[in-house]
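File shown: structure_33.cif. Contents: mmCIF, C-alpha atoms and all ligand atoms.
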```cif
data_model
loop_
_atom_site.label_atom_id
_atom_site.label_comp_id
_atom_site.auth_asym_id
_atom_site.auth_seq_id
_atom_site.Cartn_x
_atom_site.Cartn_y
_atom_site.Cartn_z
CA MET A 187 70.93 -113.02 148.09
CA THR A 188 71.18 -109.23 148.22
CA THR A 189 68.56 -106.83 146.96
CA ALA A 190 68.72 -103.12 146.28
CA VAL A 191 66.76 -101.03 148.75
CA ALA A 192 66.24 -97.28 148.40
CA PRO A 193 68.44 -95.39 150.93
CA ALA A 194 65.56 -93.70 152.78
CA VAL A 195 63.96 -97.10 153.30
CA ALA A 196 67.24 -98.74 154.31
CA THR A 197 67.80 -96.29 157.18
CA GLY A 198 64.29 -96.41 158.74
CA PRO A 199 62.42 -99.35 160.22
CA ALA A 200 62.16 -102.50 158.10
CA ARG A 201 58.89 -101.83 156.25
CA LEU A 202 57.45 -105.29 155.73
CA HIS A 203 53.83 -104.26 156.40
CA LEU A 204 52.49 -102.67 153.20
CA SER A 205 53.69 -105.00 150.41
CA GLU A 206 55.85 -102.28 148.90
CA SER A 207 58.45 -103.14 146.27
CA PRO A 208 62.05 -103.36 147.51
CA TYR A 209 63.11 -103.07 143.86
CA GLY A 210 61.66 -99.58 143.36
CA PRO A 211 60.19 -98.06 140.23
CA SER A 212 61.58 -98.15 136.72
CA PRO A 213 64.30 -95.47 136.38
CA LEU A 214 62.48 -94.39 133.22
CA ALA A 215 59.32 -93.81 135.25
CA LEU A 216 61.25 -91.71 137.76
CA SER A 217 62.75 -89.57 134.97
CA ALA A 218 59.32 -89.06 133.45
CA ALA A 219 57.91 -88.01 136.82
CA ARG A 220 60.79 -85.55 137.35
CA GLU A 221 60.38 -84.05 133.89
CA SER A 222 56.67 -83.60 134.47
CA LEU A 223 57.41 -81.26 137.37
CA ALA A 224 58.42 -78.58 134.86
CA LEU A 225 54.67 -78.03 134.39
CA THR A 226 53.74 -78.00 138.05
CA GLU A 227 51.67 -74.82 137.77
CA ILE A 228 49.42 -76.48 135.14
CA TYR A 229 46.60 -78.81 136.21
CA PRO A 230 47.03 -82.46 135.17
CA ASP A 231 44.96 -83.93 132.34
CA PRO A 232 41.53 -84.62 133.86
CA ALA A 233 40.86 -87.25 131.17
CA ARG A 234 44.03 -89.13 132.18
CA SER A 235 44.39 -89.74 128.44
CA ALA A 236 47.99 -90.92 128.23
CA PRO A 237 47.86 -93.66 130.89
CA THR A 238 44.37 -94.66 129.73
CA ALA A 239 45.58 -95.16 126.15
CA ALA A 240 48.71 -97.03 127.30
CA LEU A 241 46.67 -99.37 129.50
CA ALA A 242 44.01 -100.01 126.86
CA ALA A 243 46.73 -100.94 124.36
CA GLN A 244 48.51 -103.19 126.83
CA LEU A 245 45.30 -104.97 127.87
CA ALA A 246 43.88 -105.06 124.34
CA VAL A 247 40.60 -103.42 125.40
CA ALA A 248 38.80 -100.24 124.34
CA GLU A 249 39.80 -97.04 126.14
CA GLN A 250 36.18 -96.85 127.35
CA GLN A 251 36.92 -99.95 129.42
CA VAL A 252 39.68 -98.29 131.47
CA ALA A 253 39.37 -95.79 134.33
CA VAL A 254 42.59 -94.41 135.83
CA ALA A 255 42.45 -93.22 139.44
CA ASN A 256 44.41 -92.08 142.48
CA GLY A 257 45.37 -95.61 143.48
CA SER A 258 42.98 -98.53 143.51
CA ASP A 259 41.75 -97.21 146.86
CA GLU A 260 39.90 -94.48 144.95
CA LEU A 261 38.30 -97.10 142.72
CA VAL A 262 37.08 -99.17 145.65
CA LEU A 263 35.31 -96.07 146.97
CA LEU A 264 33.97 -94.97 143.57
CA SER A 265 32.64 -98.43 142.78
CA ALA A 266 30.92 -98.58 146.18
CA LEU A 267 29.39 -95.17 145.45
CA ALA A 268 28.31 -95.69 141.90
CA LEU A 269 27.91 -99.32 140.80
CA GLY A 270 25.11 -101.84 141.06
CA ASP A 271 21.88 -101.59 143.02
CA THR A 272 22.89 -99.12 145.75
CA THR A 273 19.78 -99.92 147.81
CA ARG A 274 21.18 -103.38 148.52
CA PRO A 275 24.17 -104.17 150.74
CA GLY A 276 27.45 -105.10 149.17
CA LEU A 277 29.16 -108.44 149.57
CA THR A 278 32.72 -109.36 150.36
CA THR A 279 34.68 -111.98 152.28
CA ALA A 280 35.78 -111.78 155.87
CA GLY A 281 39.52 -112.14 156.31
CA THR A 282 40.56 -109.81 153.52
CA PHE A 283 41.63 -106.27 152.66
CA PRO A 284 39.30 -104.12 154.78
CA GLY A 285 38.81 -101.37 152.16
CA TYR A 286 35.73 -102.99 150.60
CA ARG A 287 33.83 -103.14 153.88
CA ILE A 288 35.00 -99.69 154.97
CA CYS A 289 33.90 -98.07 151.69
CA LEU A 290 30.55 -99.92 151.59
CA GLU A 291 29.84 -98.78 155.14
CA THR A 292 31.02 -95.24 154.49
CA VAL A 293 28.59 -94.84 151.59
CA ARG A 294 25.90 -96.38 153.83
CA ARG A 295 25.24 -99.39 151.63
CA GLY A 296 26.15 -101.87 154.31
CA CYS A 297 28.19 -104.98 153.82
CA ARG A 298 27.74 -108.72 154.22
CA GLU A 299 30.90 -110.75 154.73
CA ILE A 300 31.26 -114.43 153.85
CA ALA A 301 33.65 -116.18 156.23
CA LEU A 302 36.73 -117.79 154.75
CA ASP A 303 36.72 -121.56 154.44
CA GLY A 304 39.90 -122.07 156.44
CA THR A 305 42.26 -119.83 154.51
CA SER A 306 40.39 -120.03 151.18
CA THR A 307 37.50 -118.04 149.78
CA ALA A 308 34.23 -119.99 150.19
CA VAL A 309 33.38 -119.50 146.54
CA ALA A 310 30.14 -121.51 146.34
CA GLU A 311 28.73 -119.72 149.38
CA PHE A 312 29.88 -116.37 147.99
CA ALA A 313 28.22 -117.04 144.63
CA ALA A 314 25.01 -118.11 146.39
CA ALA A 315 24.93 -114.73 148.19
CA MET A 316 25.52 -112.67 145.06
CA PRO A 317 21.89 -112.45 143.83
CA ALA A 318 20.84 -110.57 146.99
CA ALA A 319 23.86 -108.26 146.89
CA GLY A 320 24.07 -104.87 145.19
CA ILE A 321 27.74 -105.37 144.34
CA ALA A 322 30.34 -108.04 145.18
CA TYR A 323 34.04 -107.60 145.97
CA LEU A 324 36.72 -110.26 145.96
CA CYS A 325 40.47 -110.02 146.28
CA ASN A 326 42.44 -112.28 143.93
CA PRO A 327 45.28 -113.01 144.55
CA HIS A 328 43.99 -112.84 148.08
CA ASN A 329 45.33 -110.39 150.63
CA PRO A 330 46.45 -111.51 153.24
CA THR A 331 46.62 -115.25 152.46
CA GLY A 332 48.42 -114.97 149.10
CA GLY A 333 46.16 -117.65 147.52
CA VAL A 334 44.51 -117.55 144.09
CA LEU A 335 41.14 -118.68 142.77
CA THR A 336 41.01 -121.65 140.41
CA ARG A 337 39.64 -121.39 136.89
CA ALA A 338 36.46 -123.26 137.92
CA GLU A 339 35.92 -120.87 140.83
CA LEU A 340 36.30 -117.79 138.68
CA ASP A 341 34.02 -119.37 136.05
CA LEU A 342 31.31 -119.81 138.67
CA LEU A 343 31.64 -116.24 139.95
CA VAL A 344 31.57 -114.73 136.46
CA GLU A 345 28.56 -116.87 135.43
CA THR A 346 26.77 -115.74 138.60
CA ALA A 347 27.50 -112.08 137.84
CA ALA A 348 26.21 -112.56 134.29
CA ARG A 349 23.05 -114.33 135.44
CA THR A 350 22.16 -112.02 138.34
CA GLY A 351 23.47 -108.69 137.05
CA THR A 352 25.31 -108.12 140.32
CA PRO A 353 28.57 -106.36 139.43
CA LEU A 354 31.61 -108.45 140.40
CA VAL A 355 34.64 -106.38 141.34
CA VAL A 356 37.86 -108.37 141.58
CA ASP A 357 40.77 -106.57 143.19
CA GLU A 358 43.86 -107.82 141.36
CA ALA A 359 46.41 -105.59 143.10
CA TYR A 360 48.92 -108.46 143.31
CA LEU A 361 48.26 -110.15 139.97
CA GLU A 362 51.63 -109.23 138.46
CA PHE A 363 53.34 -111.47 141.03
CA ALA A 364 51.22 -114.54 140.26
CA PRO A 365 52.47 -117.21 137.84
CA ALA A 366 51.77 -116.62 134.15
CA GLY A 367 48.40 -118.13 133.24
CA THR A 368 46.83 -117.50 136.66
CA PRO A 369 43.08 -117.05 136.00
CA GLN A 370 42.27 -113.34 135.94
CA LEU A 371 39.24 -111.21 135.16
CA ARG A 372 40.70 -109.98 131.86
CA ASP A 373 40.08 -113.51 130.52
CA TYR A 374 36.33 -112.85 130.80
CA LEU A 375 36.03 -109.23 129.66
CA ASP A 376 35.00 -110.07 126.12
CA GLY A 377 31.72 -111.51 127.46
CA ALA A 378 28.68 -109.58 128.69
CA ALA A 379 29.04 -110.08 132.46
CA PRO A 380 29.17 -106.98 134.71
CA LEU A 381 32.85 -107.28 135.66
CA LEU A 382 35.45 -104.86 136.92
CA SER A 383 39.07 -105.63 137.71
CA LEU A 384 40.99 -103.23 139.95
CA ARG A 385 44.74 -102.96 139.45
CA THR A 386 47.49 -100.78 140.85
CA LEU A 387 50.92 -99.47 140.00
CA SER A 388 51.75 -99.32 143.72
CA LYS A 389 53.07 -102.87 143.99
CA ALA A 390 54.95 -104.53 141.11
CA TYR A 391 55.61 -101.15 139.45
CA GLY A 392 56.93 -99.57 142.67
CA LEU A 393 54.94 -96.31 142.33
CA ALA A 394 53.08 -96.38 145.66
CA ALA A 395 53.93 -92.81 146.64
CA LEU A 396 52.63 -91.34 143.37
CA ARG A 397 49.18 -92.94 143.78
CA ILE A 398 47.96 -94.41 140.53
CA GLY A 399 45.78 -97.41 139.82
CA TYR A 400 43.11 -98.37 137.30
CA ALA A 401 39.94 -100.28 136.69
CA VAL A 402 39.36 -102.35 133.58
CA GLY A 403 35.96 -103.81 132.88
CA ARG A 404 32.60 -103.56 131.15
CA ALA A 405 32.30 -100.17 129.49
CA ASP A 406 29.03 -99.12 131.18
CA LEU A 407 30.51 -99.76 134.65
CA VAL A 408 33.64 -97.83 133.73
CA ALA A 409 31.48 -94.97 132.41
CA ARG A 410 29.74 -94.75 135.79
CA LEU A 411 33.07 -94.72 137.60
CA ARG A 412 34.32 -91.94 135.36
CA GLU A 413 31.14 -89.96 135.98
CA ALA A 414 31.69 -90.28 139.74
CA GLN A 415 35.28 -89.15 139.20
CA GLY A 416 33.82 -85.86 137.99
CA THR A 417 33.78 -84.96 141.69
CA MET A 418 37.61 -85.08 141.69
CA PRO A 419 38.63 -84.31 138.12
CA PHE A 420 42.34 -83.86 138.92
CA SER A 421 42.78 -86.74 141.33
CA VAL A 422 45.60 -88.27 139.28
CA ASN A 423 48.52 -85.86 139.34
CA ARG A 424 50.81 -85.10 136.42
CA ALA A 425 53.84 -86.94 137.82
CA ALA A 426 51.77 -90.08 138.38
CA GLN A 427 50.34 -90.01 134.86
CA ALA A 428 53.77 -89.51 133.29
CA ALA A 429 55.44 -92.14 135.46
CA ALA A 430 52.72 -94.69 134.74
CA VAL A 431 53.13 -94.40 130.98
CA ALA A 432 56.90 -94.87 131.25
CA ALA A 433 56.56 -97.70 133.80
CA LEU A 434 54.12 -99.62 131.62
CA ALA A 435 56.53 -99.35 128.69
CA ASP A 436 59.49 -100.65 130.72
CA ARG A 437 58.79 -104.38 130.51
CA PRO A 438 62.35 -105.40 131.46
CA HIS A 439 62.04 -103.61 134.81
CA LEU A 440 58.72 -105.30 135.57
CA GLU A 441 60.07 -108.69 134.56
CA ARG A 442 63.16 -108.21 136.74
CA THR A 443 60.93 -107.36 139.70
CA GLN A 444 58.78 -110.42 139.03
CA ARG A 445 61.82 -112.70 138.79
CA ARG A 446 63.45 -111.35 141.91
CA ASN A 447 60.19 -111.64 143.85
CA ILE A 448 59.86 -115.29 142.87
CA GLU A 449 63.45 -115.98 144.01
CA GLN A 450 62.96 -114.06 147.24
CA ARG A 451 59.71 -115.89 147.99
CA ALA A 452 61.31 -119.31 147.48
CA TRP A 453 64.30 -118.31 149.61
CA PHE A 454 62.13 -116.93 152.45
CA LEU A 455 59.77 -119.92 152.44
CA SER A 456 62.70 -122.31 152.65
CA ARG A 457 64.25 -120.35 155.56
CA LEU A 458 60.87 -120.49 157.34
CA ALA A 459 60.62 -124.23 156.72
CA GLU A 460 64.14 -124.77 158.08
CA ARG A 461 63.04 -123.09 161.29
CA GLY A 462 59.91 -125.21 161.43
CA ARG A 463 57.66 -122.22 160.97
CA ALA A 464 54.46 -122.68 158.96
CA ALA A 465 53.44 -120.24 156.23
CA LEU A 466 50.70 -120.17 153.61
CA PRO A 467 51.67 -120.72 149.98
CA SER A 468 51.77 -117.36 148.21
CA ALA A 469 51.32 -116.13 144.65
CA THR A 470 52.12 -112.57 145.73
CA ASN A 471 54.90 -110.36 147.14
CA PHE A 472 53.96 -111.17 150.73
CA VAL A 473 53.70 -114.29 152.86
CA ALA A 474 51.32 -115.04 155.73
CA VAL A 475 53.49 -116.55 158.46
CA ALA A 476 51.91 -118.50 161.32
CA VAL A 477 52.67 -117.23 164.83
CA PRO A 478 51.02 -118.10 168.15
CA ASP A 479 49.75 -114.54 168.80
CA SER A 480 49.75 -112.31 165.72
CA ALA A 481 48.68 -109.12 167.52
CA ALA A 482 51.49 -109.49 170.06
CA ALA A 483 53.97 -110.35 167.31
CA GLU A 484 53.13 -107.17 165.34
CA LEU A 485 53.57 -105.08 168.46
CA LEU A 486 56.79 -106.66 169.68
CA LEU A 487 58.46 -106.72 166.26
CA ALA A 488 57.80 -102.98 165.89
CA ARG A 489 58.67 -102.02 169.45
CA ASP A 490 61.72 -104.16 170.11
CA HIS A 491 63.10 -104.89 166.65
CA ASP A 492 62.12 -101.93 164.45
CA ILE A 493 60.38 -104.28 162.03
CA LEU A 494 56.91 -103.43 160.71
CA VAL A 495 54.61 -106.32 159.73
CA ARG A 496 50.80 -106.63 159.58
CA ASP A 497 48.84 -108.68 162.06
CA ALA A 498 46.49 -110.49 159.67
CA GLY A 499 44.12 -110.80 162.63
CA ARG A 500 43.20 -107.20 161.87
CA PHE A 501 41.77 -108.56 158.60
CA GLY A 502 40.04 -111.50 160.26
CA LEU A 503 42.89 -114.02 159.87
CA PRO A 504 44.33 -114.27 163.38
CA GLY A 505 47.41 -116.40 164.02
CA HIS A 506 49.27 -115.01 160.99
CA ILE A 507 51.42 -112.02 160.30
CA ARG A 508 51.62 -110.74 156.74
CA VAL A 509 55.22 -110.15 155.77
CA SER A 510 56.20 -108.30 152.60
CA LEU A 511 58.99 -109.90 150.59
CA GLY A 512 61.53 -107.17 151.34
CA SER A 513 65.30 -107.53 151.09
CA ALA A 514 67.15 -110.64 152.30
CA GLU A 515 68.71 -108.53 155.07
CA GLN A 516 65.28 -107.38 156.31
CA LEU A 517 63.81 -110.87 156.12
CA THR A 518 66.78 -112.40 157.96
CA ARG A 519 66.35 -109.84 160.73
CA LEU A 520 62.68 -110.79 160.89
CA LEU A 521 63.40 -114.52 161.08
CA ASP A 522 65.88 -113.97 163.92
CA ALA A 523 63.47 -111.70 165.80
CA LEU A 524 60.59 -114.17 165.37
CA ASP A 525 62.72 -116.94 166.91
CA VAL A 526 63.01 -114.81 170.04
CA ILE A 527 59.50 -113.43 170.37
CA ALA A 528 57.39 -116.24 169.00
CA PRO A 529 59.12 -119.59 169.16
CA VAL A 530 57.52 -122.30 167.08
CA GLY A 531 54.97 -124.51 168.66
N1 LIG A 601 43.73 -103.55 147.22
C1 LIG A 601 44.51 -104.32 147.94
C2 LIG A 601 44.17 -105.78 148.08
C3 LIG A 601 45.62 -103.81 148.59
O1 LIG A 601 46.38 -104.61 149.34
C4 LIG A 601 45.90 -102.44 148.46
C5 LIG A 601 47.07 -101.77 149.12
N2 LIG A 601 47.61 -102.35 150.19
C6 LIG A 601 45.06 -101.67 147.69
C7 LIG A 601 43.98 -102.25 147.09
C8 LIG A 601 45.28 -100.21 147.51
O2 LIG A 601 46.28 -99.98 146.59
P1 LIG A 601 46.59 -98.56 145.98
O3 LIG A 601 47.94 -98.20 146.45
O4 LIG A 601 46.52 -98.73 144.50
O5 LIG A 601 45.53 -97.61 146.47
#
```
Just give me the structure as structure tokens.
Amino acid sequence: MTTAVAPAVATGPARLHLSESPYGPSPLALSAARESLALTEIYPDPARSAPTAALAAQLAVAEQQVAVANGSDELVLLSALALGDTTRPGLTTAGTFPGYRICLETVRRGCREIALDGTSTAVAEFAAAMPAAGIAYLCNPHNPTGGVLTRAELDLLVETAARTGTPLVVDEAYLEFAPAGTPQLRDYLDGAAPLLSLRTLSKAYGLAALRIGYAVGRADLVARLREAQGTMPFSVNRAAQAAAVAALADRPHLERTQRRNIEQRAWFLSRLAERGRAALPSATNFVAVAVPDSAAAELLLARDHDILVRDAGRFGLPGHIRVSLGSAEQLTRLLDALDVIAPVG
């Protein structure tokens, strides 16, 4: 299988470390971004009105339930700054995206981490810790394992948020890659629980360089995020706002990316299996591949093979490297290199 890769990416190292899209953005989004540059001397819309309206319509929520930001990174920080009881430490899981812990520590709230149960979120233990927490962060689909929560697990977490008042922030950066019907926070937003979903256009929409993401959730939480955004009123630039609106409207491009990612995932997992290499099942655009020494593998792949991957040990999941589902050529190079540097077993 061959996949289109942007020329600048094709000539550099194989970038399989940041879950970027090898399929790029919608051409319509790129045109919109280019056109927006005609007004470069004018500040962007601080209300982010156009992408906010487009997202609210797409998600069938009120505009007051959507906050658009400079990537979901900005929303992790703003939520840590502004939501919940800030005198109490936040809660997250070990073995996940480190942004939650970093932001909670940076704003001096502190952070408690619940260890993974193997490679799964220990949901009952997490829910039991929520009453004492000022805010709770989960990643679903989970980075770096690629797993998803079940309906019963999400039910329990949402009920706990409703009962305790502890805001539950679910980072859904990879949701677009998960099978249709995968339980998601949007399913619960018509209730009264203090919920916030974080989403991004960096992954499935291929707009990582422009920096745009959004939160959708209970209106009072979103209002507090927007208030905190008053410190950076122009954080979402004009090109990002224009590109997002066009990208959201280009369903065929998104669906093509989703389809190709599913094919690429199945192909890569079967090549791994042929070589006897274990990997975790994934609902995302990356796969956690088992290796004997993940720190050494990250280093050697970069140094000797010009292939960038993430040692999931950095996130508390040692023994796995996280590999983005890049092009077939990149993934074949990786498989061959892994055979040399980290033979199975
Ligand atoms: N959350 C998760 C789980 C991520 O993996 C990433 C990016 N790697 C982000 C948030 C940040 O995404 P953005 O580009 O929207 O800031």
Query raised in the report: Closest to Leu458 in chain A among A:Leu396, A:Val530, A:Asp479, A:Arg500, using only C-alpha atoms?
Result: A:Val530
Report task. Write out as a ChimeraX atom specification each polymer residue whose atoms come within 10 Å of Glu345 in chain A, counting all atoms listed in the file; drop sequence neighbours fewer than 2 positions from it. Result -> /A:313,339-343,347-351,374,378-380
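Straight-line separation from CA of Leu371 in chain A to CA of Pro353 in chain A: 12.5 Å.
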Taking a cut-off of 10 Å and counting all atoms listed in the file, can you build a table that, for each residue of range 249-304 of chain A near range 400-404 of chain A, reports the nearest atom pair and how far apart they are in Å (one decimal), sorted by chain then residue number, as CSV?
```
residue,atom,partner,partner_atom,distance
A:Glu249,CA,A:Val402,CA,9.2
A:Gln250,CA,A:Arg404,CA,8.5
A:Gln251,CA,A:Gly403,CA,5.3
A:Val252,CA,A:Val402,CA,4.6
A:Ala253,CA,A:Ala401,CA,5.1
A:Val254,CA,A:Tyr400,CA,4.3
A:Ala255,CA,A:Tyr400,CA,5.6
A:Asn256,CA,A:Tyr400,CA,8.3
A:Gly257,CA,A:Tyr400,CA,7.1
A:Ser258,CA,A:Tyr400,CA,6.2
A:Asp259,CA,A:Tyr400,CA,9.7
A:Glu260,CA,A:Tyr400,CA,9.2
A:Leu261,CA,A:Ala401,CA,7.0
A:Val262,CA,A:Ala401,CA,9.5
A:Ser265,CA,A:Ala401,CA,9.7
```
For chain A against ligand LIG 601 (chain A), with a cut-off of 8 Å and counting all atoms listed in the file, what is the closest atom pair and its distance in Å to one decimal for every residue that makes the cut, ordered by chain and number, as JSON lines?
```
{"residue": "A:Leu204", "atom": "CA", "partner": "A:LIG601", "partner_atom": "N2", "distance": 5.7}
{"residue": "A:Ser205", "atom": "CA", "partner": "A:LIG601", "partner_atom": "N2", "distance": 6.6}
{"residue": "A:Asn256", "atom": "CA", "partner": "A:LIG601", "partner_atom": "O5", "distance": 6.9}
{"residue": "A:Gly257", "atom": "CA", "partner": "A:LIG601", "partner_atom": "O4", "distance": 3.5}
{"residue": "A:Ser258", "atom": "CA", "partner": "A:LIG601", "partner_atom": "O4", "distance": 3.7}
{"residue": "A:Asp259", "atom": "CA", "partner": "A:LIG601", "partner_atom": "O5", "distance": 3.8}
{"residue": "A:Glu260", "atom": "CA", "partner": "A:LIG601", "partner_atom": "O5", "distance": 6.6}
{"residue": "A:Val262", "atom": "CA", "partner": "A:LIG601", "partner_atom": "C7", "distance": 7.7}
{"residue": "A:Thr282", "atom": "CA", "partner": "A:LIG601", "partner_atom": "C2", "distance": 7.7}
{"residue": "A:Phe283", "atom": "CA", "partner": "A:LIG601", "partner_atom": "C2", "distance": 5.3}
{"residue": "A:Gly285", "atom": "CA", "partner": "A:LIG601", "partner_atom": "C7", "distance": 7.3}
{"residue": "A:Cys325", "atom": "CA", "partner": "A:LIG601", "partner_atom": "C2", "distance": 5.9}
{"residue": "A:Asn326", "atom": "CA", "partner": "A:LIG601", "partner_atom": "C2", "distance": 7.9}
{"residue": "A:His328", "atom": "CA", "partner": "A:LIG601", "partner_atom": "C2", "distance": 7.1}
{"residue": "A:Asn329", "atom": "CA", "partner": "A:LIG601", "partner_atom": "C2", "distance": 5.4}
{"residue": "A:Pro330", "atom": "CA", "partner": "A:LIG601", "partner_atom": "O1", "distance": 7.9}
{"residue": "A:Asp357", "atom": "CA", "partner": "A:LIG601", "partner_atom": "N1", "distance": 5.8}
{"residue": "A:Glu358", "atom": "CA", "partner": "A:LIG601", "partner_atom": "C2", "distance": 7.0}
{"residue": "A:Ala359", "atom": "CA", "partner": "A:LIG601", "partner_atom": "N1", "distance": 5.3}
{"residue": "A:Tyr360", "atom": "CA", "partner": "A:LIG601", "partner_atom": "C2", "distance": 7.2}
{"residue": "A:Leu384", "atom": "CA", "partner": "A:LIG601", "partner_atom": "N1", "distance": 7.8}
{"residue": "A:Arg385", "atom": "CA", "partner": "A:LIG601", "partner_atom": "O4", "distance": 6.8}
{"residue": "A:Thr386", "atom": "CA", "partner": "A:LIG601", "partner_atom": "O4", "distance": 4.3}
{"residue": "A:Leu387", "atom": "CA", "partner": "A:LIG601", "partner_atom": "O4", "distance": 6.3}
{"residue": "A:Ser388", "atom": "CA", "partner": "A:LIG601", "partner_atom": "O3", "distance": 4.8}
{"residue": "A:Lys389", "atom": "CA", "partner": "A:LIG601", "partner_atom": "O3", "distance": 7.4}
{"residue": "A:Ala394", "atom": "CA", "partner": "A:LIG601", "partner_atom": "O3", "distance": 5.5}
{"residue": "A:Arg397", "atom": "CA", "partner": "A:LIG601", "partner_atom": "O3", "distance": 6.0}
{"residue": "A:Ile398", "atom": "CA", "partner": "A:LIG601", "partner_atom": "O4", "distance": 6.0}
{"residue": "A:Gly399", "atom": "CA", "partner": "A:LIG601", "partner_atom": "O4", "distance": 4.9}
{"residue": "A:Tyr400", "atom": "CA", "partner": "A:LIG601", "partner_atom": "O4", "distance": 8.0}
```
Take the selection from the previous step and output its residues with C-alpha atoms, as an mmCIF file, keeping the file's coordinate frame.
```cif
data_model
loop_
_atom_site.group_PDB
_atom_site.id
_atom_site.type_symbol
_atom_site.label_atom_id
_atom_site.label_comp_id
_atom_site.auth_asym_id
_atom_site.auth_seq_id
_atom_site.Cartn_x
_atom_site.Cartn_y
_atom_site.Cartn_z
ATOM 1 C CA LEU A 204 52.490 -102.670 153.200
ATOM 2 C CA SER A 205 53.690 -105.000 150.410
ATOM 3 C CA ASN A 256 44.410 -92.080 142.480
ATOM 4 C CA GLY A 257 45.370 -95.610 143.480
ATOM 5 C CA SER A 258 42.980 -98.530 143.510
ATOM 6 C CA ASP A 259 41.750 -97.210 146.860
ATOM 7 C CA GLU A 260 39.900 -94.480 144.950
ATOM 8 C CA VAL A 262 37.080 -99.170 145.650
ATOM 9 C CA THR A 282 40.560 -109.810 153.520
ATOM 10 C CA PHE A 283 41.630 -106.270 152.660
ATOM 11 C CA GLY A 285 38.810 -101.370 152.160
ATOM 12 C CA CYS A 325 40.470 -110.020 146.280
ATOM 13 C CA ASN A 326 42.440 -112.280 143.930
ATOM 14 C CA HIS A 328 43.990 -112.840 148.080
ATOM 15 C CA ASN A 329 45.330 -110.390 150.630
ATOM 16 C CA PRO A 330 46.450 -111.510 153.240
ATOM 17 C CA ASP A 357 40.770 -106.570 143.190
ATOM 18 C CA GLU A 358 43.860 -107.820 141.360
ATOM 19 C CA ALA A 359 46.410 -105.590 143.100
ATOM 20 C CA TYR A 360 48.920 -108.460 143.310
ATOM 21 C CA LEU A 384 40.990 -103.230 139.950
ATOM 22 C CA ARG A 385 44.740 -102.960 139.450
ATOM 23 C CA THR A 386 47.490 -100.780 140.850
ATOM 24 C CA LEU A 387 50.920 -99.470 140.000
ATOM 25 C CA SER A 388 51.750 -99.320 143.720
ATOM 26 C CA LYS A 389 53.070 -102.870 143.990
ATOM 27 C CA ALA A 394 53.080 -96.380 145.660
ATOM 28 C CA ARG A 397 49.180 -92.940 143.780
ATOM 29 C CA ILE A 398 47.960 -94.410 140.530
ATOM 30 C CA GLY A 399 45.780 -97.410 139.820
ATOM 31 C CA TYR A 400 43.110 -98.370 137.300
#
```
